Amino acid sequence: PYDTSGRKGSHEITIKVDPDNLIAERSKDNNQASRVMAVQDADLWLSEPYISPNGDGVKDSTDFFFRLEPPGQ
């Protein structure tokens with residue numbers, strides 16, 4: 001469970017398996033995965049409504065989130 005109380009906006013969720021390296025395996029490269037999700041109260045949400053993709057690291061991109069109706073609704 002992920003408690004979203006009071007947490008609006010985008011959040012990165014990271015899952016890591018075998019953090020203590022107890023499992024013998026050839027590569028540890030696939031032991032972690034991350035995903036960005038948004039806590040929103042709308043059908044459409046942007047992390048930055050205005051962007052300026054000029055490479056200065058400020059508002060160069062936006063995360064676009066949307067909600068779809070379940071099939072048959």
# chains A, B, ... in the order shown; residues from 1 in each chain; ligands from 1
$ residues_around --residues "range 11-23 of chain A" --least-positions-apart "6" --cutoff "7 Å" --atoms "only C-alpha atoms" --output "PyMOL selection string"
chain A and resi 31-38
$ select_by_dssp --residues "chain A" --states "strand (DSSP E)" --output "list in words"
Gly9, Ser10, His11, Glu12, Ile13, Thr14, Ile15, Lys16, Gln32, Ala33, Ser34, Arg35, Val36, Met37, Ala38, Val39, Leu44, Trp45, Leu46, Phe64, Phe65 and Phe66 of chain A
$ atom_distance --atom1 "CA of Ser61 in chain A" --atom2 "CA of Pro1 in chain A"
29.0 Å
$ residues_around --residues "Asp63 in chain A" --least-positions-apart "2" --cutoff "8 Å" --atoms "only C-alpha atoms" --output "ChimeraX atom specification"
/A:10,46-48,61,65
